[in-house]
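For reference, the structure discussed in these notes is given below.
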Amino acid sequence: RPLQRDTTRPPRAPRSAKRQLAPRSGGMGSRIPVTIFTGYLGAGKTSVILGLVKQFPPSAPGRRLVWLKNEFGEAQVDSLLAQAAGIRAREVVNGCLCCVAVGHLGDALRDLVSAEEQGSIDRIVVETSGSAYPAPLAWAVREAAKDIPVVLDGVVTVVDCLNFDGYPDKSRAAKLQARYTDLILLNKVDLVASEHRERKVDAVLDELYELNPDTPVVHTGPGGHVTADLVFGLETSAGRWLAPSTGTDAAHMQNTVDLLELAPDPELALTHDALAAFAKGLDAGRVFRAKGFAPDADDPGSVLVLNAVAGRHRIDRVPRVGHPEARFVLMGDS
């Protein structure tokens, strides 16, 4: 059955990305495509991006990717995961790229596309915080393109099908993320109980259709998998909704979630079982998202990385670099 209900106005299908994924020609006339990923807190943006990263071997020509990450708190968890995957990651922390710090995205892009690094980057992926507004970010890329060789390739929104309970109770940011985008990825469909899956998917699609009847919706596979050729090379239609930012509500990131940072004993190391017990003990009704890391007590050469969303958690073991101190960030309703 089609995902789009209005058969008189079929959705614009994403164009093939083969041309964009080919090696760039090099030189100042060659622009680096920038893809922006938005999505509500815990939707699975990081999982989707990590799945895409695996499709970009660092040694493959034309597939040198940089991941620009925007997150609250000092625990730069995803940088550890990116390093383990062999990809470069830059995190902008303690501020939302889309509002009072909107200039930060332009500055970060300019730093990335420096004279030293320009020839070593083929694509930039920007992952926003869960409360980010998409339009100011897209506008910032357009503005940066006036003086550096970048181009906005597309805006992709990730929606959590498993924990979706309707947009009336969601923040304004979540609604704008679903409305102003080139592609919607319906994530975690495989985690919905099979006996409820069809009804749940229908309910989510109905809500998305009310907000945005023209943008295609694509299901991700297990673990947030989606092929790079589908996500990249969208040739953004942002021009139809893009306008200059005129004072985005700077308080939206404080109004969306409360933030608690934990910096335990600098010498603390945890076993996998102890970290899992910590994650299971979190109140899923109040803690929407938790992430952090701690040295592995069972393996001095490793670090345990925690990602938890709505009562579910994942722990990854990555190589230890330097002397990391345990740090965790909890996001939710106090």
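Ordering of the structure tokens sets the chain letters (A, B, ...); residue numbers start at 1 within each chain; ligands are numbered from 1 in the order shown.
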Name the residues of stretch 125-290 of chain A that fall into helix (DSSP H, G or I) according to DSSP on the backbone, using the chain letters and numbers of this document, as a ChimeraX atom specification.
/A:134-144,167-169,172-179,189-191,194-211,222-224,228-231,238-240,252-256,272-280
As number ranges by chain, please: the residues near stretch 216-227 of chain A (cut-off 10 Å, only C-alpha atoms, same-chain neighbours under 4 positions excluded).
A: 2-4, 10-14, 43-52, 55, 157-159, 161, 181-191, 201, 205, 208-209, 212, 231-232
I'd like the interatomic distance between atom CA of A:Val66 and atom CA of A:Leu304, to a tenth of an Å.
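Distance reported for this atom pair: 23.3 Å.
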Pick out the residues sitting within 9 Å of A:Arg110, and hand them over as a list in words; count only C-alpha atoms, and ignore anything fewer than 6 positions along from it in its own chain.
Ala144, Asp147 and Ile148 of chain A
Only N, CA, C and O atoms, please: the residues just picked out, written as a PDB file, in the first residue's frame.
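Saved result, part-v9.pdb, follows:
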```
ATOM      1  N   ALA A 144      26.570  30.439   4.306  1.00  0.00           N
ATOM      2  CA  ALA A 144      27.983  30.042   4.283  1.00  0.00           C
ATOM      3  C   ALA A 144      28.451  29.777   2.864  1.00  0.00           C
ATOM      4  O   ALA A 144      29.629  29.988   2.530  1.00  0.00           O
ATOM      5  N   ASP A 147      30.645  32.251   0.673  1.00  0.00           N
ATOM      6  CA  ASP A 147      32.089  32.474   0.741  1.00  0.00           C
ATOM      7  C   ASP A 147      32.922  31.203   0.917  1.00  0.00           C
ATOM      8  O   ASP A 147      34.139  31.281   0.965  1.00  0.00           O
ATOM      9  N   ILE A 148      32.267  30.035   1.038  1.00  0.00           N
ATOM     10  CA  ILE A 148      33.012  28.780   1.061  1.00  0.00           C
ATOM     11  C   ILE A 148      32.316  27.791   0.121  1.00  0.00           C
ATOM     12  O   ILE A 148      31.106  27.902  -0.126  1.00  0.00           O
TER      13      ILE A 148
END
```
With only C-alpha atoms as the counted atoms, please give the residues lying no more than 10 Å from A:Asp299, apart from itself and same-chain residues fewer than 5 positions off, as a ChimeraX atom specification.
/A:269-271,304,317,319-320
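When only C-alpha atoms are used to compute distances to A:Arg123, the closest of the residues A:Gln177, A:Ser302, A:Asn163, A:Ser30 turns out to be A:Ser30.
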DSSP strand (DSSP E or B) selection over stretch 131-294 of chain A, as a PyMOL selection string:
chain A and resi 150-160+183-187+217-219+221+225+258-262+270+287-294
I'd like to know which of A:Glu267, A:Thr215, A:Ile315, A:Glu207 is closest to A:Ala297, using only C-alpha atoms.
A:Glu267
Of the candidates A:Ala228, A:Ala132, A:Leu176, A:Val204, which one gets nearest to A:Phe56 if we count only C-alpha atoms?
A:Ala228
To one decimal in Å, tell me the separation between atom CA of A:Tyr180 and atom CA of A:Ala135.
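So the answer is 7.0 Å.
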Skipping near chain neighbours, those fewer than 3 positions away, what residues fall within 10 Å of A:Ala238 using only C-alpha atoms, listed as a list in words?
Pro134, Ala135, Ala138, Trp139, Leu152, Asp153, Gly154, Val155, Tyr180, Thr181, Asp182, Glu235, Trp241, Leu242 and Ala243 of chain A
The selected residues should be written to file as a CSV table (one decimal), in the first residue's frame (atoms: N, CA and C atoms).
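Heads up, here's the output in out-v8.csv:
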```csv
chain,number,residue,atom,x,y,z
A,134,PRO,N,14.7,23.5,11.9
A,134,PRO,CA,15.5,23.2,10.6
A,134,PRO,C,15.7,24.4,9.7
A,135,ALA,N,14.8,25.3,9.6
A,135,ALA,CA,14.9,26.4,8.7
A,135,ALA,C,16.2,27.3,8.9
A,138,ALA,N,19.2,25.4,7.6
A,138,ALA,CA,19.3,25.4,6.2
A,138,ALA,C,19.8,26.8,5.7
A,139,TRP,N,19.2,27.8,6.3
A,139,TRP,CA,19.6,29.2,5.9
A,139,TRP,C,21.1,29.5,6.1
A,152,LEU,N,23.8,23.2,0.2
A,152,LEU,CA,22.8,22.4,0.9
A,152,LEU,C,22.3,21.3,0.0
A,153,ASP,N,22.5,20.1,0.4
A,153,ASP,CA,22.1,18.9,-0.4
A,153,ASP,C,20.7,18.5,0.0
A,154,GLY,N,20.4,18.5,1.3
A,154,GLY,CA,19.0,18.1,1.8
A,154,GLY,C,18.9,18.2,3.3
A,155,VAL,N,17.6,18.2,3.7
A,155,VAL,CA,17.2,18.1,5.1
A,155,VAL,C,16.5,16.9,5.3
A,180,TYR,N,9.2,20.9,7.7
A,180,TYR,CA,10.3,21.5,6.8
A,180,TYR,C,11.4,20.5,6.6
A,181,THR,N,11.2,19.7,5.6
A,181,THR,CA,12.2,18.6,5.3
A,181,THR,C,12.1,18.1,3.9
A,182,ASP,N,13.1,17.5,3.4
A,182,ASP,CA,13.1,16.9,2.1
A,182,ASP,C,12.7,15.4,2.1
A,235,GLU,N,18.9,17.0,-3.7
A,235,GLU,CA,18.7,18.3,-4.4
A,235,GLU,C,17.6,19.0,-3.7
A,241,TRP,N,10.4,26.8,1.3
A,241,TRP,CA,10.0,27.2,2.6
A,241,TRP,C,11.1,28.0,3.4
A,242,LEU,N,12.2,28.2,2.7
A,242,LEU,CA,13.3,28.8,3.4
A,242,LEU,C,13.2,30.3,3.4
A,243,ALA,N,13.5,30.9,4.5
A,243,ALA,CA,13.5,32.4,4.6
A,243,ALA,C,14.5,32.8,5.7
```
Can you list, as number ranges by chain, every protein, DNA or RNA residue that comes within 10 Å of A:Leu330 when you count only C-alpha atoms, leaving out same-chain residues fewer than 5 positions away?
A: 72-73, 257-262, 282, 286-292, 308
